[in-house]
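Data from upload16.txt: compact mmCIF, C-alpha atoms
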```txt
# COMPACT_ATOMS: atom_id res chain seq x y z
CA MET A 1 92.96 99.77 108.27
CA SER A 2 95.72 99.48 105.73
CA GLU A 3 98.26 99.66 108.55
CA GLU A 4 96.38 96.91 110.33
CA ALA A 5 96.56 94.73 107.26
CA ALA A 6 100.24 95.49 106.87
CA GLY A 7 100.78 94.68 110.54
CA ALA A 8 99.03 91.36 110.15
CA LYS A 9 101.11 90.48 107.10
CA THR A 10 104.44 91.27 108.73
CA GLY A 11 103.34 89.53 111.91
CA SER A 12 103.94 92.62 114.06
CA ARG A 13 101.41 91.67 116.71
CA TRP A 14 101.73 94.84 118.76
CA LYS A 15 101.51 97.40 115.99
CA LEU A 16 98.47 99.58 116.56
CA SER A 17 96.29 100.79 113.69
CA LEU A 18 95.76 104.47 112.88
CA ASP A 19 92.21 104.11 114.23
CA THR A 20 93.39 102.77 117.56
CA TRP A 21 96.01 105.50 117.93
CA ALA A 22 93.37 108.15 117.19
CA VAL A 23 91.08 106.67 119.86
CA LEU A 24 93.92 106.50 122.43
CA VAL A 25 95.00 110.09 121.78
CA ALA A 26 91.39 111.35 121.93
CA PHE A 27 90.86 109.55 125.26
CA LEU A 28 94.13 110.93 126.62
CA PHE A 29 92.91 114.45 125.84
CA ALA A 30 89.48 113.67 127.33
CA LEU A 31 91.15 112.47 130.56
CA LEU A 32 93.35 115.58 130.69
CA VAL A 33 90.23 117.73 130.34
CA ARG A 34 88.46 115.66 133.02
CA ALA A 35 91.47 115.97 135.34
CA GLY A 36 91.40 119.74 134.92
CA VAL A 37 94.77 119.99 133.13
CA PHE A 38 92.97 121.77 130.27
CA LYS A 39 90.38 123.91 131.99
CA ARG A 40 89.31 125.86 128.93
CA VAL A 41 90.00 125.18 125.28
CA PRO A 42 89.52 128.36 123.22
CA TRP A 43 88.04 128.33 119.74
CA MET B 44 98.04 113.30 96.70
CA ALA B 45 100.67 111.10 95.16
CA ASP B 46 101.30 109.36 98.45
CA VAL B 47 97.59 108.64 98.76
CA ILE B 48 97.21 107.16 95.28
CA THR B 49 100.46 105.27 95.02
CA VAL B 50 100.84 103.83 98.48
CA PRO B 51 104.54 104.17 99.32
CA GLN B 52 106.48 101.04 100.22
CA ALA B 53 106.92 100.88 103.98
CA ARG B 54 110.54 101.06 105.05
CA PRO B 55 111.55 100.25 108.61
CA VAL B 56 111.88 103.62 110.34
CA GLN B 57 112.69 104.31 114.00
CA PRO B 58 109.59 105.53 115.89
CA ALA B 59 111.39 108.76 116.95
CA LEU B 60 112.39 109.48 113.35
CA ARG B 61 108.85 108.72 112.16
CA PHE B 62 107.53 111.21 114.70
CA LEU B 63 110.00 113.88 113.54
CA ARG B 64 109.03 113.28 109.90
CA VAL B 65 105.37 114.16 110.51
CA ILE B 66 106.11 117.49 112.25
CA PRO B 67 106.57 119.73 109.14
CA GLY B 68 103.35 118.45 107.55
CA VAL B 69 101.33 118.78 110.75
CA LEU B 70 102.60 122.35 111.10
CA LEU B 71 101.49 122.98 107.50
CA LEU B 72 98.03 121.55 108.28
CA ALA B 73 97.81 123.80 111.36
CA THR B 74 98.99 126.88 109.44
CA VAL B 75 96.55 126.37 106.54
CA GLY B 76 93.68 125.54 108.91
CA TYR B 77 94.38 128.52 111.16
CA ALA B 78 94.72 130.81 108.14
CA GLY B 79 91.23 129.61 107.14
CA LYS B 80 89.93 130.50 110.59
CA LEU B 81 91.55 133.96 110.43
CA LEU B 82 90.10 134.54 106.96
CA GLU B 83 86.61 133.63 108.21
CA GLN B 84 86.92 136.16 111.03
CA ASN B 85 88.56 138.97 109.09
CA VAL B 86 87.17 138.85 105.55
CA GLY B 87 83.58 139.11 106.79
CA ALA B 88 84.45 141.97 109.16
CA TYR B 89 86.40 143.79 106.41
CA ALA B 90 83.55 143.42 103.90
CA LYS B 91 81.05 144.66 106.48
CA ALA B 92 83.23 147.65 107.39
CA HIS B 93 83.43 148.59 103.69
CA HIS B 94 79.70 147.95 103.11
CA TRP B 95 80.37 145.18 100.60
CA THR B 96 77.93 142.39 99.97
CA PHE B 97 80.00 139.30 100.69
CA PRO B 98 78.73 135.85 101.70
CA ASN B 99 79.80 134.55 105.10
CA ILE B 100 82.38 131.92 104.19
CA GLU B 101 83.17 129.51 107.01
CA TYR B 102 86.68 128.42 108.01
CA VAL B 103 85.89 124.94 106.64
CA LEU B 104 85.69 126.25 103.07
CA TRP B 105 88.63 128.66 103.46
CA ALA B 106 90.87 125.87 104.79
CA ILE B 107 89.90 123.52 101.94
CA VAL B 108 90.29 126.20 99.27
CA LEU B 109 93.70 127.32 100.61
CA GLY B 110 94.83 123.69 100.66
CA LEU B 111 93.56 123.14 97.10
CA LEU B 112 95.38 126.29 95.92
CA ILE B 113 98.69 125.11 97.39
CA SER B 114 98.32 121.55 96.16
CA ASN B 115 97.34 122.53 92.60
CA THR B 116 99.79 125.42 92.10
CA VAL B 117 103.12 125.09 93.89
CA GLY B 118 102.36 121.54 95.07
CA VAL B 119 103.09 119.99 98.45
CA PRO B 120 106.88 119.51 98.85
CA GLU B 121 108.08 116.04 99.86
CA ILE B 122 109.10 117.13 103.36
CA PHE B 123 105.47 117.94 104.25
CA ARG B 124 103.78 114.87 102.74
CA THR B 125 104.12 112.44 105.64
CA GLY B 126 102.65 114.98 108.04
CA VAL B 127 99.87 116.04 105.66
CA ALA B 128 98.83 112.36 105.43
CA THR B 129 98.03 112.48 109.19
CA TYR B 130 94.82 114.36 108.39
CA GLU B 131 92.96 111.04 108.70
CA PHE B 132 94.35 110.59 112.20
CA TRP B 133 93.03 114.04 113.19
CA LEU B 134 89.69 113.24 111.58
CA LYS B 135 89.26 110.09 113.65
CA ALA B 136 90.45 111.72 116.88
CA GLY B 137 88.02 114.60 116.17
CA ILE B 138 85.11 112.19 115.63
CA VAL B 139 85.85 110.40 118.93
CA LEU B 140 85.92 113.75 120.79
CA LEU B 141 82.73 114.86 119.00
CA GLY B 142 80.99 111.96 120.76
CA ALA B 143 80.90 114.18 123.90
CA ARG B 144 78.29 116.35 122.16
CA PHE B 145 75.88 113.45 121.63
CA LEU B 146 73.62 111.89 124.23
CA LEU B 147 73.58 108.13 123.95
CA GLY B 148 69.77 108.17 123.60
CA ASP B 149 69.99 110.47 120.58
CA ILE B 150 72.60 108.22 118.99
CA LEU B 151 70.41 105.16 119.48
CA LYS B 152 67.37 107.00 118.09
CA LEU B 153 69.11 108.61 115.11
CA GLY B 154 71.49 105.67 114.69
CA GLY B 155 68.52 103.30 114.44
CA VAL B 156 66.94 105.35 111.64
CA SER B 157 70.26 105.86 109.89
CA LEU B 158 71.11 102.15 110.18
CA VAL B 159 68.03 101.27 108.12
CA LEU B 160 68.82 103.99 105.56
CA VAL B 161 72.49 102.96 105.46
CA ALA B 162 71.53 99.33 104.79
CA ILE B 163 69.29 100.41 101.88
CA GLU B 164 71.99 102.80 100.58
CA ILE B 165 74.73 100.15 100.70
CA ALA B 166 72.62 97.48 98.98
CA GLY B 167 71.41 99.90 96.29
CA SER B 168 74.86 101.40 95.67
CA LEU B 169 76.65 98.04 95.44
CA ALA B 170 74.05 96.71 93.00
CA PHE B 171 74.09 99.83 90.81
CA MET B 172 77.90 100.19 90.71
CA THR B 173 78.26 96.49 89.81
CA PHE B 174 75.74 96.97 87.00
CA LEU B 175 77.62 100.08 85.73
CA GLY B 176 80.98 98.27 85.86
CA ARG B 177 79.52 95.54 83.62
CA VAL B 178 78.00 98.05 81.19
CA PHE B 179 81.35 99.90 80.89
CA LYS B 180 83.25 96.57 80.74
CA LEU B 181 85.56 97.44 83.64
CA LYS B 182 87.69 94.67 85.17
CA PRO B 183 85.57 92.80 87.77
CA LYS B 184 87.90 93.56 90.69
CA LEU B 185 88.09 97.24 89.71
CA THR B 186 84.28 97.25 89.69
CA THR B 187 84.27 95.68 93.16
CA LEU B 188 86.65 98.38 94.49
CA LEU B 189 84.58 101.21 92.97
CA ALA B 190 81.37 99.67 94.33
CA VAL B 191 82.76 99.32 97.86
CA GLY B 192 84.30 102.81 97.76
CA SER B 193 80.98 104.37 96.70
CA ALA B 194 78.76 102.31 98.96
CA VAL B 195 80.68 102.24 102.25
CA CYS B 196 83.49 104.58 103.15
CA GLY B 197 85.64 105.71 100.27
CA VAL B 198 89.39 105.25 100.42
CA SER B 199 89.48 103.19 103.66
CA ALA B 200 87.00 100.70 102.21
CA ILE B 201 88.96 100.43 98.96
CA ILE B 202 92.24 99.78 100.81
CA ALA B 203 90.59 97.21 103.10
CA THR B 204 88.95 95.44 100.14
CA LYS B 205 92.09 95.53 98.00
CA GLY B 206 93.93 93.41 100.57
CA ALA B 207 91.03 91.02 101.08
CA ILE B 208 90.31 90.29 97.38
CA GLU B 209 93.94 90.60 96.21
CA ALA B 210 93.19 93.32 93.64
CA ASP B 211 95.94 94.99 91.57
CA ASP B 212 97.67 98.16 92.75
CA GLU B 213 96.57 99.80 89.50
CA ASP B 214 92.89 99.00 90.15
CA SER B 215 93.04 100.43 93.66
CA SER B 216 94.83 103.57 92.39
CA PHE B 217 92.10 104.09 89.76
CA SER B 218 89.34 103.62 92.32
CA ILE B 219 90.96 105.86 94.94
CA ALA B 220 91.53 108.62 92.37
CA ALA B 221 87.90 108.43 91.18
CA ILE B 222 86.50 108.44 94.73
CA LEU B 223 88.74 111.35 95.81
CA ALA B 224 87.88 113.45 92.73
CA LEU B 225 84.17 112.83 93.19
CA GLY B 226 84.45 113.55 96.92
CA ALA B 227 86.03 116.92 96.11
CA LEU B 228 83.13 117.71 93.76
CA ALA B 229 80.57 116.61 96.35
CA LEU B 230 82.10 119.03 98.86
CA PHE B 231 81.02 121.95 96.73
CA THR B 232 77.84 120.59 95.14
CA PHE B 233 76.09 119.06 98.18
CA PRO B 234 75.80 122.34 100.18
CA LEU B 235 74.61 124.21 97.06
CA ILE B 236 71.92 121.61 96.33
CA GLY B 237 70.96 121.46 100.01
CA HIS B 238 70.43 125.24 100.13
CA ALA B 239 68.60 125.24 96.78
CA LEU B 240 66.18 122.59 98.10
CA HIS B 241 65.88 124.35 101.50
CA LEU B 242 66.76 121.13 103.31
CA THR B 243 66.59 121.25 107.10
CA ASP B 244 69.84 120.68 109.02
CA ARG B 245 68.67 117.20 109.92
CA ALA B 246 67.70 116.20 106.36
CA TYR B 247 70.91 117.66 104.91
CA GLY B 248 73.15 116.06 107.56
CA LEU B 249 71.54 112.71 106.88
CA TRP B 250 72.00 113.16 103.13
CA ALA B 251 75.68 114.21 103.41
CA GLY B 252 76.39 111.24 105.68
CA LEU B 253 74.68 108.83 103.27
CA GLY B 254 75.74 110.31 99.94
CA VAL B 255 79.36 111.51 100.33
CA ASP B 256 81.88 108.67 100.22
CA ASN B 257 84.99 109.65 102.16
CA THR B 258 84.61 110.36 105.87
CA ALA B 259 86.69 113.56 105.67
CA GLU B 260 84.62 114.95 102.79
CA ALA B 261 81.32 113.91 104.43
CA THR B 262 82.38 115.70 107.64
CA ALA B 263 83.40 118.81 105.69
CA ALA B 264 80.27 118.78 103.48
CA GLY B 265 78.12 118.59 106.62
CA ALA B 266 80.07 121.32 108.46
CA LEU B 267 79.82 123.60 105.40
CA TYR B 268 76.02 123.57 105.79
CA SER B 269 75.73 124.08 109.55
CA ASP B 270 77.11 122.84 112.85
CA ALA B 271 74.02 120.68 113.48
CA ALA B 272 74.16 119.21 109.96
CA GLY B 273 77.88 118.48 110.44
CA LYS B 274 77.20 116.58 113.68
CA LEU B 275 74.53 114.44 112.03
CA ALA B 276 76.63 113.83 108.91
CA VAL B 277 79.41 112.43 111.14
CA LEU B 278 76.96 110.16 112.98
CA VAL B 279 75.44 108.75 109.77
CA LYS B 280 78.84 108.38 108.11
CA SER B 281 80.16 106.53 111.17
CA THR B 282 77.18 104.14 110.89
CA ARG B 283 78.18 103.52 107.26
CA ASN B 284 81.81 102.99 108.29
CA ALA B 285 80.73 100.42 110.86
CA MET B 286 79.40 98.26 107.99
CA ILE B 287 82.78 98.00 106.28
CA GLY B 288 83.76 94.65 107.82
CA PHE B 289 80.58 92.90 106.66
CA VAL B 290 80.83 94.21 103.08
CA VAL B 291 84.55 93.40 102.75
CA LEU B 292 83.98 89.94 104.26
CA ALA B 293 81.19 89.24 101.75
CA TYR B 294 83.42 90.25 98.81
CA ALA B 295 86.39 88.29 100.22
CA ILE B 296 84.22 85.13 100.42
CA TYR B 297 82.87 85.76 96.90
CA TRP B 298 86.32 86.15 95.32
CA ALA B 299 87.72 83.23 97.33
CA SER B 300 84.85 81.05 96.00
CA LYS B 301 86.03 81.93 92.48
CA GLY B 302 89.58 80.91 93.43
CA GLN B 303 90.86 84.47 92.97
CA ALA B 304 91.53 85.35 96.63
CA GLN B 305 92.58 83.56 99.80
CA ALA B 306 89.80 81.97 101.86
CA VAL B 307 88.86 83.78 105.06
CA GLY B 308 89.69 81.64 108.10
CA ASN B 309 88.39 83.18 111.32
CA LYS B 310 85.46 85.38 110.26
CA ALA B 311 85.00 87.02 113.68
CA ALA B 312 88.70 88.01 113.76
CA PHE B 313 88.38 89.32 110.18
CA LEU B 314 85.37 91.48 111.15
CA TRP B 315 87.17 92.85 114.23
CA GLN B 316 90.29 93.64 112.18
CA LYS B 317 88.26 95.63 109.64
CA PHE B 318 85.95 97.31 112.15
CA PRO B 319 86.69 101.06 112.48
CA LYS B 320 87.73 101.40 116.14
CA PHE B 321 87.03 105.13 116.21
CA VAL B 322 83.30 104.33 116.05
CA LEU B 323 83.68 102.50 119.39
CA GLY B 324 85.65 105.45 120.81
CA PHE B 325 82.88 107.82 119.66
CA LEU B 326 80.21 105.69 121.41
CA LEU B 327 82.27 105.37 124.60
CA ILE B 328 82.87 109.14 124.91
CA SER B 329 79.17 109.73 124.25
CA MET B 330 78.28 107.23 127.00
CA LEU B 331 80.63 108.98 129.44
CA ALA B 332 79.09 112.37 128.57
CA THR B 333 75.56 110.96 128.93
CA TYR B 334 76.33 109.67 132.45
CA HIS B 335 77.85 113.04 133.51
CA PHE B 336 81.47 111.91 133.66
CA PHE B 337 82.24 115.35 132.19
CA SER B 338 80.90 118.70 133.44
CA LYS B 339 79.19 121.11 131.03
CA ASP B 340 82.40 123.17 130.72
CA GLN B 341 84.45 120.05 130.08
CA ILE B 342 82.06 119.00 127.30
CA GLY B 343 82.56 122.47 125.79
CA ALA B 344 86.34 121.98 125.99
CA LEU B 345 86.10 118.55 124.31
CA ALA B 346 83.88 120.01 121.57
CA ASN B 347 86.50 122.69 120.90
CA LEU B 348 89.30 120.11 120.83
CA SER B 349 87.22 118.23 118.26
CA ARG B 350 86.92 121.46 116.19
CA TRP B 351 90.72 121.92 116.24
CA ALA B 352 91.20 118.34 115.08
CA PHE B 353 88.70 118.90 112.23
CA LEU B 354 90.50 122.14 111.32
CA LEU B 355 93.64 120.09 110.54
CA THR B 356 91.48 117.55 108.66
CA PHE B 357 89.87 120.15 106.39
CA ALA B 358 93.28 121.65 105.55
CA GLY B 359 94.46 118.10 104.72
CA VAL B 360 91.47 117.48 102.43
CA GLY B 361 92.55 120.45 100.30
CA LEU B 362 96.27 119.71 100.45
CA ARG B 363 96.01 116.09 99.37
CA THR B 364 93.65 116.81 96.42
CA ASN B 365 95.62 117.24 93.21
CA PHE B 366 93.47 117.37 90.10
CA GLY B 367 96.45 116.87 87.75
CA GLU B 368 97.34 113.56 89.45
CA MET B 369 93.69 112.49 89.23
CA ARG B 370 93.50 113.23 85.50
CA LYS B 371 96.47 110.91 84.90
CA GLN B 372 94.46 107.95 86.28
CA GLY B 373 92.23 107.74 83.20
CA LEU B 374 88.67 108.60 82.30
CA ARG B 375 86.68 105.36 82.30
CA PRO B 376 86.76 104.52 86.03
CA PHE B 377 86.09 108.19 86.71
CA ALA B 378 83.10 108.16 84.36
CA VAL B 379 81.68 105.04 86.04
CA GLY B 380 82.27 106.62 89.45
CA ALA B 381 80.70 109.93 88.37
CA ILE B 382 77.54 108.33 86.93
CA GLY B 383 77.29 106.13 90.00
CA GLU B 384 77.75 109.03 92.40
CA VAL B 385 75.10 111.16 90.69
CA VAL B 386 72.61 108.29 90.84
CA ILE B 387 73.56 107.45 94.46
CA ALA B 388 73.22 111.14 95.44
CA GLY B 389 69.72 111.21 93.89
CA PHE B 390 68.82 107.86 95.45
CA THR B 391 69.99 108.90 98.95
CA LEU B 392 68.20 112.25 98.60
CA ALA B 393 64.99 110.35 97.84
CA LEU B 394 65.62 108.15 100.91
CA VAL B 395 66.07 111.25 103.08
CA TYR B 396 62.87 112.81 101.67
CA GLY B 397 61.04 109.58 102.46
CA ALA B 398 62.41 109.49 106.02
CA SER B 399 61.53 113.19 106.48
CA LYS B 400 57.92 112.48 105.53
CA ILE B 401 57.69 109.44 107.81
CA PHE B 402 59.33 111.06 110.84
CA GLY B 403 58.03 114.60 110.24
CA TRP B 404 61.50 116.27 110.11
```

Turn this file's structure into structure tokens for me.
Amino acid sequence: MSEEAAGAKTGSRWKLSLDTWAVLVAFLFALLVRAGVFKRVPW
Amino acid sequence: MADVITVPQARPVQPALRFLRVIPGVLLLATVGYAGKLLEQNVGAYAKAHHWTFPNIEYVLWAIVLGLLISNTVGVPEIFRTGVATYEFWLKAGIVLLGARFLLGDILKLGGVSLVLVAIEIAGSLAFMTFLGRVFKLKPKLTTLLAVGSAVCGVSAIIATKGAIEADDEDSSFSIAAILALGALALFTFPLIGHALHLTDRAYGLWAGLGVDNTAEATAAGALYSDAAGKLAVLVKSTRNAMIGFVVLAYAIYWASKGQAQAVGNKAAFLWQKFPKFVLGFLLISMLATYHFFSKDQIGALANLSRWAFLLTFAGVGLRTNFGEMRKQGLRPFAVGAIGEVVIAGFTLALVYGASKIFGW
């Protein structure tokens, strides 16, 4: 959120917030799992 | 810690260089987190082999304790700090992926109950913290920051409010230090109290989500109790986080009406800007899982990815907590925060007891 505020202040329209990056990365991983790239994730 | 309290001035850095700068810290998070996981597996087995009575300590606690030890003894060298600060990124990515383990129906059912409790918690906490700030004669904007940090979502809420009400850097540093110190205490006290009161996973998860301020600490406090409690704590905390825009907007309008902050132009745009997007990601992944976009094995894989992301988060919680730095921020805001947190913890526990009676949990 702070990054968002900073982005708004500097007028950098295309700067993504930390939140948005986290969502994009999580969805990328979810798609890779769905596509079968990661078949099994050990824990 | 220092880079959390005193927000560093942003310098224009090339994206590639920025990426390289986070690598050492992320490796440190992974090392500390993985060491916690190894300790969980090996210490218990070693104690059992030697017939010692030793409590089963989960990786969550090991990772936090190892991080605390490093941060409060040798300290976190500068080269690691940018990467260690990414723990919030891993937290949010982990919460989105955790959505795969929730059915949308459960979220709507539990979310509906928690929404009512969250509304009561936020109203009660804001009112009580404002009252305490007046009693202790704190600066009004410092009181606002402490109230928002305690009522909604800790550090994120304080940073969002600071910009909206044009509070001093010093006030936000005080508030962040108080909220982080109290969050660290809650990590250890909430599970102990929960076990002492024999709370069910559901009641405890609800309480941790309502009573612990920072999302990372609420997630860790829930996971320290049980996996089920951890899941519910994340859901309730995310409901609280979703309220941030409304609370910050209300304070921005209040301070603007007093001529001490800029007026808010487009309120819908303001709400969208402050809304935590990871909550939407969490709901979307849950919807996809509910409608069988993922197979059972794939949901298991996503759940494990979420655990790895949380592993880095828990290491980061320990590594960024420096008690020496917190002490330097002064006692009065901490005292107000501490009294407030104790009362809010009692208040939210009473709410959870009430809900347990009504819903038969």

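For the residues B:Gly118, B:Gly76, B:Gly197, B:Gly68, ranking by smallest atom-to-atom distance to Tyr102 (chain B) using all atoms listed in the file places B:Gly76 first.
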
Using only C-alpha atoms, list the residues that have an atom at most 10 Å from (86.9, 113.7, 98.9), coordinates as in the file, as a count of residues only.
27

What separation in Å, quoted to one decimal, exists between CA of Lys182 (chain B) and CA of Val307 (chain B)?
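Computed distance, CA of Lys182 (chain B) to CA of Val307 (chain B), equals 22.7 Å.
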
What does the distance between CA of Ala304 (chain B) and CA of Thr204 (chain B) come to in Å, to one decimal place?
11.0 Å

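With distances restricted to only C-alpha atoms, B:Thr186 is the closest residue to Ala210 (chain B) from B:Ser338, B:Thr391, B:Thr232, B:Thr186.
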
Could you name the residues that touch Arg40 (chain A) at 9 Å or less, counting all atoms listed in the file, but leaving out those on the same chain fewer than 5 positions away, as a PyMOL selection string?
(chain A and resi 33) or (chain B and resi 340-341+343-344)

For chain A, report every residue with an atom at most 8 Å from chain B (counting all atoms listed in the file), formatted as a list in words.
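Listing them in order of chain and number gives Met1, Ser2, Glu4, Ala5, Leu18, Asp19, Thr20, Trp21, Ala22, Val23, Val25, Ala26, Phe27, Ala30, Val33, Arg34, Phe38, Lys39, Arg40, Val41, Pro42 and Trp43 of chain A.
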
Using all atoms listed in the file, which residues sit within 10 Å of Ile150 (chain B) once same-chain residues fewer than 6 positions away are excluded, as a ChimeraX atom specification?
/B:142,156-157,275,278-279,326,329-330

With all atoms listed in the file as the counted atoms, please give the residues lying no more than 8 Å from Ile165 (chain B), apart from itself and same-chain residues fewer than 4 positions off, as a PyMOL selection string.
chain B and resi 161+169+194-195

Please save C-alpha atoms of the selected residues as a PDB file, in the frame of the given file.
```pdb
ATOM      1  CA  VAL B 161      72.490 102.960 105.460  1.00  0.00           C
ATOM      2  CA  LEU B 169      76.650  98.040  95.440  1.00  0.00           C
ATOM      3  CA  ALA B 194      78.760 102.310  98.960  1.00  0.00           C
ATOM      4  CA  VAL B 195      80.680 102.240 102.250  1.00  0.00           C
TER       5      VAL B 195
END
```

So which one's closest to Ala128 (chain B), B:Gly383, B:Gly373, B:Pro67, B:Gly397? Using only C-alpha atoms, please.
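With only C-alpha atoms as the atom set, the closest residue is B:Pro67.
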
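Reported to one decimal place, the separation of CA of Val178 (chain B) from CA of Ala378 (chain B) is 11.8 Å.
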
Contact residues around Leu82 (chain B) with all atoms listed in the file at 9 Å, ignoring same-chain residues under 4 positions, as a list in words:
Tyr77, Ala78, Val86, Gly87, Ile100, Glu101, Tyr102, Trp105 and Ala106 of chain B

From the set B:Phe353, B:Tyr130, B:Trp315, B:Phe217, which residue has the shortest atom-to-atom contact distance to Val103 (chain B), counting all atoms listed in the file?
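Distance minimum relative to Val103 (chain B) lands on B:Phe353.
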
Which residue out of B:Arg370, B:Lys339, B:Lys91, B:Lys184 has the minimum interatomic distance to Asp212 (chain B) when all atoms listed in the file are used?
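Closest to Asp212 (chain B), using all atoms listed in the file: B:Lys184.
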
Would you compute, for all listed atoms of region 33-36 of chain A, the axis-aligned bounding box grown by 4 Å on each side, and then report its centre and edge lengths in Å rounded to one decimal, as AutoDock Vina command-line options?
```
--center_x 90.0 --center_y 117.7 --center_z 132.8 --size_x 11.0 --size_y 12.1 --size_z 13.0
```

Could you add whatever atoms are missing so that region 21-38 of chain A carries N, CA and C atoms, then write the result as a short mmCIF file (atom, residue, chain, number, x, y, z; two decimals), in the frame of the given file?
```cif
data_model
loop_
_atom_site.label_atom_id
_atom_site.label_comp_id
_atom_site.auth_asym_id
_atom_site.auth_seq_id
_atom_site.Cartn_x
_atom_site.Cartn_y
_atom_site.Cartn_z
N TRP A 21 95.22 104.37 117.44
CA TRP A 21 96.01 105.50 117.93
C TRP A 21 95.13 106.75 118.10
N ALA A 22 94.25 106.97 117.11
CA ALA A 22 93.37 108.15 117.19
C ALA A 22 92.47 108.06 118.42
N VAL A 23 91.95 106.86 118.69
CA VAL A 23 91.08 106.67 119.86
C VAL A 23 91.88 106.91 121.14
N LEU A 24 93.09 106.35 121.21
CA LEU A 24 93.92 106.50 122.43
C LEU A 24 94.26 107.97 122.68
N VAL A 25 94.64 108.68 121.62
CA VAL A 25 95.00 110.09 121.78
C VAL A 25 93.77 110.91 122.20
N ALA A 26 92.63 110.61 121.58
CA ALA A 26 91.39 111.35 121.93
C ALA A 26 91.04 111.10 123.40
N PHE A 27 91.18 109.86 123.85
CA PHE A 27 90.86 109.55 125.26
C PHE A 27 91.87 110.20 126.21
N LEU A 28 93.12 110.26 125.79
CA LEU A 28 94.13 110.93 126.62
C LEU A 28 93.74 112.39 126.83
N PHE A 29 93.34 113.05 125.73
CA PHE A 29 92.91 114.45 125.84
C PHE A 29 91.66 114.57 126.71
N ALA A 30 90.72 113.63 126.54
CA ALA A 30 89.48 113.67 127.33
C ALA A 30 89.81 113.53 128.82
N LEU A 31 90.76 112.65 129.15
CA LEU A 31 91.15 112.47 130.56
C LEU A 31 91.84 113.72 131.10
N LEU A 32 92.67 114.34 130.25
CA LEU A 32 93.35 115.58 130.69
C LEU A 32 92.33 116.69 130.96
N VAL A 33 91.30 116.74 130.12
CA VAL A 33 90.23 117.73 130.34
C VAL A 33 89.49 117.39 131.63
N ARG A 34 89.19 116.10 131.82
CA ARG A 34 88.46 115.66 133.02
C ARG A 34 89.28 115.93 134.28
N ALA A 35 90.60 115.76 134.17
CA ALA A 35 91.47 115.97 135.34
C ALA A 35 91.72 117.46 135.61
N GLY A 36 91.25 118.30 134.71
CA GLY A 36 91.40 119.74 134.92
C GLY A 36 92.72 120.30 134.41
N VAL A 37 93.50 119.49 133.68
CA VAL A 37 94.77 119.99 133.13
C VAL A 37 94.46 121.06 132.07
N PHE A 38 93.47 120.74 131.20
CA PHE A 38 92.97 121.77 130.27
C PHE A 38 91.63 122.25 130.81
#
```
